[in-house]
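Report on one structure; see the data block that follows.
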Amino acid sequence: MNFKPPETKTTSSTSSMTAEKALSLITKGWEEVRSSADADLQLIKNRAKEFENFVPKITATATTEIEKLRPKLSEIRRVYSSPDFKWAPKGKGKLRIDLSGMRNGIVREKGMEEEEEGQFGELNWEPIKAFRDRLREMEVEVKSPNSSNPVEIFEGIKKSEFVEKVKSSLKSICKEPEEMKGVPPLDVPELLAYLVRQSSPFLDQIGIRRDISDKIVESLCSKRRNKLLLRSLPEGDSSLIESDNINDELDLRIASVLQSTGHHYEGGFWSDSTRQNVSDGKRHVAIVTTASLPWMTGTAVNPLFRAAYLAKSEKQNVTLLVPWLCKSDQELVYPNNLTFTSPEEQELYIRNWLEERVGFKTDFKISFYPGKFSKERRSIIPAGDTSQFIPSRDADIAILEEPEHLNWYHHGKRWTDKFNHVVGIVHTNYLEYIKREKNGALQAFLVKHINNWVTRAHCDKVLRLSAATQDLPRSVVCNVHGVNPKFLKIGEKMAAERQSGQQVFSKGAYFLGKMVWAKGYRELIDLLAKHKSDLDGFNMDVFGNGEDSHEVQTTARTLNLNVNFMKGRDHADDSLHSYKVFINPSISDVLCTATAEALAMGKFVVCADHPSNEFFQAFPNCLTYKTSEDFVAKVKEAMSSEPQPLTPEEQYKLSWEAATQRFMEYSDLDKLLTSETGGDKRRSREGMGKSVSMPNLGGMVDGSLAFAHYCLTGNELLRLCSGAIPGTRDYDKQHCEDLRLLPPQVESPIYGW
C-alpha cells in the first residue's frame, strides 16, 4: 500500500503550530482518559465480589452479544483480507481514534507503575502489557521535540509490527483450508443414487430385490464416480480410492461435499446417544439366547460353547443370558422330568455339563430372563423386556442368538440403542417350518418381512450359519459353530484303534434327531419307502423323542420299513460309537449339529446336496446326493467302504477354536475388542468421518421401524392376533418370585390416571 501525505497550502510555520496544537490536544485527552480509567479500575476492584453471583448471566449476555457481532466481524475479516483493500485515499474520510477502547491499556507514569502493579497485578496480561508499552513509546515520540508531523506518526503506527501481526492473524482466520477448495456439488444422479441406496430396505419390502437396487445405484454413479471422487478428495489422498465398492465411494463423495460446507451432523430424532462407554479397559460381551440346558437343542448348546470359548481368552468379560421357565413349563420342555427350583440350581447343572465336555474351568457369568414355553410354536418366548436384564454398565456388545425369535414380540429398549455393537446369529430356517403348516405360504410371506423388520431394527450385523436361511439385512454367511471337543476325542480314539488293526465300526446306519416331521423324518420315510426294493436287506436305527413320535413310528410300520425306533440319547453315548454311517436327509436345518458331530467321530455322512450342508461338503467322508436314486447309490457306497481318518486341519476346522476365530472375524468383534475405547461404534474412514458429517437416512429408517415395532408390540390385542402367548408383554408373578424381581408395575410405573 502506498500512503501519501495530504497536500497542504499553508506555510511551514502555520503547519508546525497546527501540529503542536493537535499533539497537545491528544496528550491532554490521554491524561483525562488515564485518570478516568484509574477510577473505573478501582471501582471494578471494589465491586469484584459483587459480580461473582452474576457470572453466569454475564457469560450468557456476552455470548449473545458475540453471536450478534459475528456477522459484522465476518464482513470485516472478508473486506480486510481482500487483496483489493487499500487505506482511504487522500482527501476522503477522516482518521479517528476511539479513545474509549484504550481503557484496559492505560499508560501509567513511571513513578506510579510499582504502586499500580501491586494493586492491579492481575491486569498485567501479556497482550495488554505489550499494547500499553507501545502506547508509552508513542507518547514519548509525540512529546519529543524532534518528532515528525502527525502524518508521519500515523504512518509509523500503520507500519508497526503490532499492526502487521493483527493483519496476518485476521488473514489466517479468514483463510479457507486448501482441502475444502474445488469440491464440486452433488449432481442429480448422485442424489438419486444415495436415495435409492438408503431406501433399499423399503424397496425390498415391496418386492424390489437388493441386487436390482444395487444395479440402479451403480448405473447412476458409474459414469463419473472416479472423476468426481478424485476431485472431491484432498490433493494427495487418492489412495482412498482402493475399493471397487460403489457404496463406499458414494459415501466418501457425499461426506467430502458435506465436510466442505462445514456441516456437522449430531444425530436426529431417531438416534440415541446413551450407549455406554467402556471405562474399565475391558470389553463386555452379552450373549442372549432362546433356550437353555437341559433342553438339548442347538440354541441351548451352541451359545453355551460360544460363551465358554470367548471367555477363555480373558480379553473380555462374558455374560450368557438364558431363559428361566416356571416349573409348569419346565415339565413340558426338559427331558426325564428334570426340574429346578431356583436359577442357582440350574446354573450349577449348566456349568457341570459344560466343564465336563470342554475340559477347562469356565469363567463367565450366567444370568436368567423370564420366558414362557409356547406349545404351538414349540419354542420359548421371552416375557417382558429382555434387554433390561443386562446392566447398563455391561451394555457394550450384544450377541443375539436367533435375533428374529428374540424380537418378534420384544416390547422394550432397542438393542442398538443400549449396546455399542449388536450381532445376530440366525440358527433356524423358520420359513421352511412354516411352509409345512396350514396356510403356510401366506404365513411364510408375513414372517419373512417381519424377520427383515426386526433384524434391521435391532442388529448391526447378522451372521447366517448357511445360505439355507432367508437373506436378512446386513447379513453374511459363515458357519460360526464348532463341535463338542468330546466328539473330536472320540474320533481320535477310533482312528487310533483302527490303526492298531481293531474293528471299530461294527454297526451300520443310524439317524438321530428330535422326532418331529420337519426335522428330516418326512424325507427319510419317503426315500426309504420309494426305494424299498433297491435297499433290500438295509436296516436302519433311529434315535429320538418328540411331539410326532407316535405318528412317525406308525407311518413307518404301515409302510413296513426296516427302521428300528429307539429313545433319544446323547450323540456321544458309547452305544453310538460303533455306527459307521450317519444318514440325515433333512433340508429344513440351517446347519445340522449332529452331522458335524458324526464327521468329528470319523463316520460317513450321507446328506442332501443342500445349502445347509455346504460347509460339510469339503470333508471326504461327506457323501451328498441330489436325487433319490443318488441317495441309494451313496448309501451303498458308504456301507461297502471305510471312512478316512480326519487330518489335523479337518479336525481344527470342526473345532470351537476355529469357529470362534471365524466368528470374531465375520462379526467385526476382532476389531472392536482390540480398540482402546468403547464409545460410538461407527468409526470414520481415513479421517473422513462420514458417519458424523452426514445424516444417515438408513439409520433414520431403522429408528422409525424400531419405534413402530415398539408401538405395535405394546398392544395386547395385536400381540394375541400375531400368535404371542397371553401375558408375555411383561413377566408374571411367578417369575417375580423365582427370579426375585420387582413387579412390572414397580419396575416401570405409570404415573397419572
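Letters A, B, ... mark the chains of the C-alpha cells in the order given; residue numbers begin at 1 per chain; ligand numbers begin at 1, in order shown.
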
>> as an NGL selection string, please: the residues near Glu190 (chain A) (cut-off 8 Å, only C-alpha atoms, same-chain neighbours under 2 positions excluded).
In response: :A and (186-188 or 192-194 or 220-221 or 250)

File of the preceding selection, N, CA and C atoms, as a PDB file, in the first residue's frame:
ATOM      1  N   LEU A 186     -22.978 -31.949  -5.343  1.00  0.00           N
ATOM      2  CA  LEU A 186     -23.615 -33.191  -5.795  1.00  0.00           C
ATOM      3  C   LEU A 186     -24.546 -32.886  -6.961  1.00  0.00           C
ATOM      4  N   ASP A 187     -24.529 -33.787  -7.939  1.00  0.00           N
ATOM      5  CA  ASP A 187     -25.468 -33.616  -9.041  1.00  0.00           C
ATOM      6  C   ASP A 187     -26.684 -34.514  -8.820  1.00  0.00           C
ATOM      7  N   VAL A 188     -27.652 -34.410  -9.702  1.00  0.00           N
ATOM      8  CA  VAL A 188     -28.920 -35.137  -9.545  1.00  0.00           C
ATOM      9  C   VAL A 188     -28.716 -36.651  -9.535  1.00  0.00           C
ATOM     10  N   LEU A 192     -29.929 -39.095  -6.444  1.00  0.00           N
ATOM     11  CA  LEU A 192     -30.858 -40.206  -6.677  1.00  0.00           C
ATOM     12  C   LEU A 192     -30.236 -41.531  -6.254  1.00  0.00           C
ATOM     13  N   ALA A 193     -28.936 -41.697  -6.552  1.00  0.00           N
ATOM     14  CA  ALA A 193     -28.260 -42.938  -6.176  1.00  0.00           C
ATOM     15  C   ALA A 193     -28.253 -43.113  -4.661  1.00  0.00           C
ATOM     16  N   TYR A 194     -27.969 -42.030  -3.934  1.00  0.00           N
ATOM     17  CA  TYR A 194     -27.950 -42.126  -2.473  1.00  0.00           C
ATOM     18  C   TYR A 194     -29.342 -42.416  -1.925  1.00  0.00           C
ATOM     19  N   LEU A 220     -26.221 -45.198 -11.929  1.00  0.00           N
ATOM     20  CA  LEU A 220     -26.285 -43.756 -11.723  1.00  0.00           C
ATOM     21  C   LEU A 220     -24.922 -43.149 -11.426  1.00  0.00           C
ATOM     22  N   CYS A 221     -24.036 -43.938 -10.816  1.00  0.00           N
ATOM     23  CA  CYS A 221     -22.745 -43.402 -10.365  1.00  0.00           C
ATOM     24  C   CYS A 221     -21.556 -43.818 -11.215  1.00  0.00           C
ATOM     25  N   LEU A 250     -19.548 -43.756  -2.945  1.00  0.00           N
ATOM     26  CA  LEU A 250     -20.637 -42.789  -2.843  1.00  0.00           C
ATOM     27  C   LEU A 250     -20.663 -42.148  -1.463  1.00  0.00           C
TER      28      LEU A 250
END

> Skipping near chain neighbours, those fewer than 2 positions away, what residues fall within 7 Å of region 519-527 of chain A using only C-alpha atoms, listed as JSON, numbers by chain?
Replying inline: {"A": [514, 515, 516, 517, 529, 530, 531, 556, 584, 585, 586, 587, 588, 628]}

Selection from above, N, CA and C atoms, as an mmCIF file, in the first residue's frame, can you write it?
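Wrote result.cif, looks like this:
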data_model
loop_
_atom_site.group_PDB
_atom_site.id
_atom_site.type_symbol
_atom_site.label_atom_id
_atom_site.label_comp_id
_atom_site.auth_asym_id
_atom_site.auth_seq_id
_atom_site.Cartn_x
_atom_site.Cartn_y
_atom_site.Cartn_z
ATOM 1 N N LYS A 514 -34.518 -84.817 16.979
ATOM 2 C CA LYS A 514 -35.833 -84.632 17.584
ATOM 3 C C LYS A 514 -36.905 -85.157 16.643
ATOM 4 N N MET A 515 -37.815 -85.999 17.175
ATOM 5 C CA MET A 515 -38.757 -86.697 16.324
ATOM 6 C C MET A 515 -39.977 -85.821 16.025
ATOM 7 N N VAL A 516 -39.778 -84.910 15.101
ATOM 8 C CA VAL A 516 -40.871 -84.132 14.513
ATOM 9 C C VAL A 516 -40.700 -84.219 13.001
ATOM 10 N N TRP A 517 -41.799 -84.146 12.279
ATOM 11 C CA TRP A 517 -41.755 -84.355 10.829
ATOM 12 C C TRP A 517 -40.777 -83.403 10.143
ATOM 13 N N ALA A 529 -39.261 -95.554 1.622
ATOM 14 C CA ALA A 529 -40.444 -96.201 1.031
ATOM 15 C C ALA A 529 -40.324 -96.290 -0.484
ATOM 16 N N LYS A 530 -39.808 -95.238 -1.118
ATOM 17 C CA LYS A 530 -39.692 -95.227 -2.580
ATOM 18 C C LYS A 530 -38.686 -96.245 -3.084
ATOM 19 N N HIS A 531 -37.603 -96.458 -2.345
ATOM 20 C CA HIS A 531 -36.532 -97.359 -2.800
ATOM 21 C C HIS A 531 -36.412 -98.562 -1.863
ATOM 22 N N ALA A 556 -44.112 -95.550 9.627
ATOM 23 C CA ALA A 556 -43.039 -96.475 9.234
ATOM 24 C C ALA A 556 -43.501 -97.924 9.316
ATOM 25 N N ASN A 584 -28.719 -88.305 7.171
ATOM 26 C CA ASN A 584 -29.501 -87.122 7.539
ATOM 27 C C ASN A 584 -30.088 -86.499 6.277
ATOM 28 N N PRO A 585 -31.331 -86.849 5.916
ATOM 29 C CA PRO A 585 -31.937 -86.300 4.692
ATOM 30 C C PRO A 585 -32.627 -84.956 4.891
ATOM 31 N N SER A 586 -32.502 -84.345 6.069
ATOM 32 C CA SER A 586 -33.230 -83.106 6.369
ATOM 33 C C SER A 586 -32.780 -81.963 5.468
ATOM 34 N N ILE A 587 -33.749 -81.178 5.015
ATOM 35 C CA ILE A 587 -33.470 -79.956 4.250
ATOM 36 C C ILE A 587 -34.057 -78.731 4.943
ATOM 37 N N SER A 588 -34.530 -78.927 6.182
ATOM 38 C CA SER A 588 -35.067 -77.801 6.956
ATOM 39 C C SER A 588 -34.033 -77.224 7.910
ATOM 40 N N SER A 628 -33.215 -89.068 -5.521
ATOM 41 C CA SER A 628 -33.479 -90.244 -4.697
ATOM 42 C C SER A 628 -32.653 -91.439 -5.161
#

Might you pull out every residue within 12 Å of Glu547 (chain A), with only C-alpha atoms counted and same-chain residues fewer than 2 positions away left off, and present them as a PDB file with N, CA and C atoms, in the first residue's frame?
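Full text of selection_2.pdb as output:
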ATOM      1  N   LEU A 332     -42.773 -79.453  30.752  1.00  0.00           N
ATOM      2  CA  LEU A 332     -43.108 -79.659  29.340  1.00  0.00           C
ATOM      3  C   LEU A 332     -41.871 -79.711  28.452  1.00  0.00           C
ATOM      4  N   VAL A 333     -40.802 -79.042  28.853  1.00  0.00           N
ATOM      5  CA  VAL A 333     -39.645 -78.851  27.973  1.00  0.00           C
ATOM      6  C   VAL A 333     -38.490 -79.785  28.321  1.00  0.00           C
ATOM      7  N   LYS A 375     -46.586 -74.062  23.261  1.00  0.00           N
ATOM      8  CA  LYS A 375     -46.801 -75.406  22.721  1.00  0.00           C
ATOM      9  C   LYS A 375     -47.009 -75.369  21.213  1.00  0.00           C
ATOM     10  N   GLU A 376     -47.693 -74.344  20.721  1.00  0.00           N
ATOM     11  CA  GLU A 376     -47.963 -74.258  19.288  1.00  0.00           C
ATOM     12  C   GLU A 376     -46.684 -74.041  18.495  1.00  0.00           C
ATOM     13  N   ARG A 377     -45.828 -73.155  18.969  1.00  0.00           N
ATOM     14  CA  ARG A 377     -44.575 -72.856  18.264  1.00  0.00           C
ATOM     15  C   ARG A 377     -43.422 -73.766  18.694  1.00  0.00           C
ATOM     16  N   ARG A 378     -43.632 -74.525  19.776  1.00  0.00           N
ATOM     17  CA  ARG A 378     -42.600 -75.433  20.290  1.00  0.00           C
ATOM     18  C   ARG A 378     -41.297 -74.683  20.567  1.00  0.00           C
ATOM     19  N   LYS A 514     -34.518 -84.817  16.979  1.00  0.00           N
ATOM     20  CA  LYS A 514     -35.833 -84.632  17.584  1.00  0.00           C
ATOM     21  C   LYS A 514     -36.905 -85.157  16.643  1.00  0.00           C
ATOM     22  N   MET A 515     -37.815 -85.999  17.175  1.00  0.00           N
ATOM     23  CA  MET A 515     -38.757 -86.697  16.324  1.00  0.00           C
ATOM     24  C   MET A 515     -39.977 -85.821  16.025  1.00  0.00           C
ATOM     25  N   VAL A 516     -39.778 -84.910  15.101  1.00  0.00           N
ATOM     26  CA  VAL A 516     -40.871 -84.132  14.513  1.00  0.00           C
ATOM     27  C   VAL A 516     -40.700 -84.219  13.001  1.00  0.00           C
ATOM     28  N   TRP A 517     -41.799 -84.146  12.279  1.00  0.00           N
ATOM     29  CA  TRP A 517     -41.755 -84.355  10.829  1.00  0.00           C
ATOM     30  C   TRP A 517     -40.777 -83.403  10.143  1.00  0.00           C
ATOM     31  N   ALA A 518     -40.710 -82.157  10.638  1.00  0.00           N
ATOM     32  CA  ALA A 518     -39.894 -81.150   9.954  1.00  0.00           C
ATOM     33  C   ALA A 518     -38.400 -81.368  10.124  1.00  0.00           C
ATOM     34  N   LYS A 519     -37.991 -82.249  11.021  1.00  0.00           N
ATOM     35  CA  LYS A 519     -36.565 -82.479  11.281  1.00  0.00           C
ATOM     36  C   LYS A 519     -35.974 -83.571  10.392  1.00  0.00           C
ATOM     37  N   GLY A 544     -34.604 -90.821  18.847  1.00  0.00           N
ATOM     38  CA  GLY A 544     -35.211 -89.510  19.027  1.00  0.00           C
ATOM     39  C   GLY A 544     -36.502 -89.547  19.800  1.00  0.00           C
ATOM     40  N   ASN A 545     -36.828 -88.393  20.403  1.00  0.00           N
ATOM     41  CA  ASN A 545     -38.101 -88.166  21.086  1.00  0.00           C
ATOM     42  C   ASN A 545     -38.705 -86.889  20.515  1.00  0.00           C
ATOM     43  N   SER A 549     -43.629 -88.398  17.599  1.00  0.00           N
ATOM     44  CA  SER A 549     -43.053 -89.747  17.708  1.00  0.00           C
ATOM     45  C   SER A 549     -44.057 -90.821  17.317  1.00  0.00           C
ATOM     46  N   HIS A 550     -45.246 -90.775  17.868  1.00  0.00           N
ATOM     47  CA  HIS A 550     -46.239 -91.816  17.598  1.00  0.00           C
ATOM     48  C   HIS A 550     -46.608 -91.850  16.121  1.00  0.00           C
ATOM     49  N   GLU A 551     -46.832 -90.704  15.541  1.00  0.00           N
ATOM     50  CA  GLU A 551     -47.236 -90.651  14.130  1.00  0.00           C
ATOM     51  C   GLU A 551     -46.124 -91.137  13.210  1.00  0.00           C
ATOM     52  N   VAL A 552     -44.895 -90.758  13.506  1.00  0.00           N
ATOM     53  CA  VAL A 552     -43.763 -91.183  12.679  1.00  0.00           C
ATOM     54  C   VAL A 552     -43.604 -92.705  12.733  1.00  0.00           C
ATOM     55  N   GLN A 553     -43.640 -93.263  13.921  1.00  0.00           N
ATOM     56  CA  GLN A 553     -43.466 -94.700  14.060  1.00  0.00           C
ATOM     57  C   GLN A 553     -44.627 -95.473  13.425  1.00  0.00           C
TER      58      GLN A 553
END

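Within 7 Å of Val423 (chain A), once only C-alpha atoms are used and residues closer than 6 positions along the same chain are dropped, the contacting residues are Ala398, Ile399, Leu400, Cys459, Asp460, Lys461, Val462 and Ser667 of chain A.
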
Write to file, as a compact mmCIF listing (two decimals), in the first residue's frame, the residues of the selection just made, with C-alpha atoms.
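In the end it all went to part31.txt:
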# COMPACT_ATOMS: atom_id res chain seq x y z
CA ALA A 398 -24.58 -57.96 22.41
CA ILE A 399 -24.79 -61.30 20.57
CA LEU A 400 -28.39 -62.22 19.84
CA CYS A 459 -28.93 -55.61 14.71
CA ASP A 460 -25.77 -54.03 13.32
CA LYS A 461 -24.50 -57.28 11.79
CA VAL A 462 -26.22 -60.61 11.10
CA SER A 667 -18.82 -60.20 13.27

>> I'd like the interatomic distance between CA of Trp408 (chain A) and CA of Val454 (chain A), to a tenth of an Å.
In response: 6.9 Å

> Using only C-alpha atoms, which of the listed residues (A:Val301, A:Ala572, A:Leu741, A:Ala457) sits closest to Gly384 (chain A)?
Replying inline: A:Leu741

>> Could you tell me how far CA of Pro343 (chain A) sits from CA of Arg569 (chain A), in Å to one decimal place?
In response: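 Computing it gives 25.2 Å between the two atoms.
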
>> Residues near region 643-648 of chain A, anyone? I mean within 7 Å using only C-alpha atoms, not counting same-chain ones fewer than 6 positions away, as a VMD selection string.
In response: chain A and resid 495 602 to 604 621

Could you turn the residues from that selection into a file that holds C-alpha atoms, as a PDB file, in the first residue's frame?
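Listed below is the output, result.pdb:
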ATOM      1  CA  ALA A 495      -8.700 -93.652  14.416  1.00  0.00           C
ATOM      2  CA  GLY A 602     -14.836 -90.225  11.834  1.00  0.00           C
ATOM      3  CA  LYS A 603     -18.103 -91.608  10.423  1.00  0.00           C
ATOM      4  CA  PHE A 604     -19.587 -91.445   6.936  1.00  0.00           C
ATOM      5  CA  ASN A 621     -16.430 -88.582   4.442  1.00  0.00           C
TER       6      ASN A 621
END

> So which residues of region 431-546 of chain A fall under strand (DSSP E or B) by DSSP, listed as JSON, numbers by chain?
Replying inline: {"A": [461, 462, 463, 464, 475, 476, 477, 507, 508, 509, 510, 511, 512, 540, 541, 542, 543]}

> Leaving out region 314-328 of chain A and any residue of its chain fewer than 2 positions from it, which residues lie within 8 Å of it when counting only C-alpha atoms, given as a ChimeraX atom specification?
Replying inline: /A:282-292,303-304,307,310-312,330-332,339-341,343,364-373,380,382,673,734-735,738

> Just asking: which residues within region 314-494 of chain A are helix (DSSP H, G or I) according to DSSP, as number ranges by chain?
Replying inline: A: 327-333, 335-337, 343-358, 386-389, 392-394, 403-407, 415-418, 430-435, 440-458, 485-494

>> Need to verify the contact set: Ser641 (chain A), 12 Å, only C-alpha atoms, exclusion of same-chain residues closer than 5 positions in sequence. Can you return it as number ranges by chain?
In response: A: 505, 508, 580-581, 603-604, 621, 634-636

Take the residues from that selection and put them in a file with C-alpha atoms, as an mmCIF file, in the first residue's frame.
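As written to disk, part.cif reads:
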data_model
loop_
_atom_site.group_PDB
_atom_site.id
_atom_site.type_symbol
_atom_site.label_atom_id
_atom_site.label_comp_id
_atom_site.auth_asym_id
_atom_site.auth_seq_id
_atom_site.Cartn_x
_atom_site.Cartn_y
_atom_site.Cartn_z
ATOM 1 C CA PHE A 505 -17.441 -99.875 13.076
ATOM 2 C CA GLY A 508 -24.479 -99.971 10.006
ATOM 3 C CA LYS A 580 -20.380 -96.338 10.580
ATOM 4 C CA VAL A 581 -22.932 -94.274 8.593
ATOM 5 C CA LYS A 603 -18.103 -91.608 10.423
ATOM 6 C CA PHE A 604 -19.587 -91.445 6.936
ATOM 7 C CA ASN A 621 -16.430 -88.582 4.442
ATOM 8 C CA LYS A 634 -24.432 -93.065 -1.727
ATOM 9 C CA VAL A 635 -25.869 -95.336 0.948
ATOM 10 C CA LYS A 636 -24.492 -98.444 -0.781
#

>> Measuring between only C-alpha atoms, which one of A:Ile381, A:Leu465, A:Leu338, A:Met540 shows the shortest distance to Tyr409 (chain A)?
In response: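 Closest candidate: A:Ile381.
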
>> What does the structure give for the distance between CA of Lys413 (chain A) and CA of His709 (chain A), in Å to one decimal?
In response: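 Between CA of Lys413 (chain A) and CA of His709 (chain A) the gap is 11.0 Å.
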
Report as a tab-separated table the residues of region 455-521 of chain A within 9 Å of region 606-612 of chain A, each with its shortest atom pair and distance in Å (one decimal), using only C-alpha atoms, ordered by chain and increasing residue number.
residue	atom	partner	partner_atom	distance
A:Leu465	CA	A:Ser612	CA	8.1
A:Ser466	CA	A:Ser612	CA	5.4
A:Ala467	CA	A:Pro611	CA	5.4
A:Ala468	CA	A:Pro611	CA	5.2
A:Thr469	CA	A:Ser612	CA	8.4

> Given the choices A:Thr554, A:Ala308, A:Lys671, A:Arg456, which gets closest to Met700 (chain A) if the distance is worked out from only C-alpha atoms?
Replying inline: A:Arg456
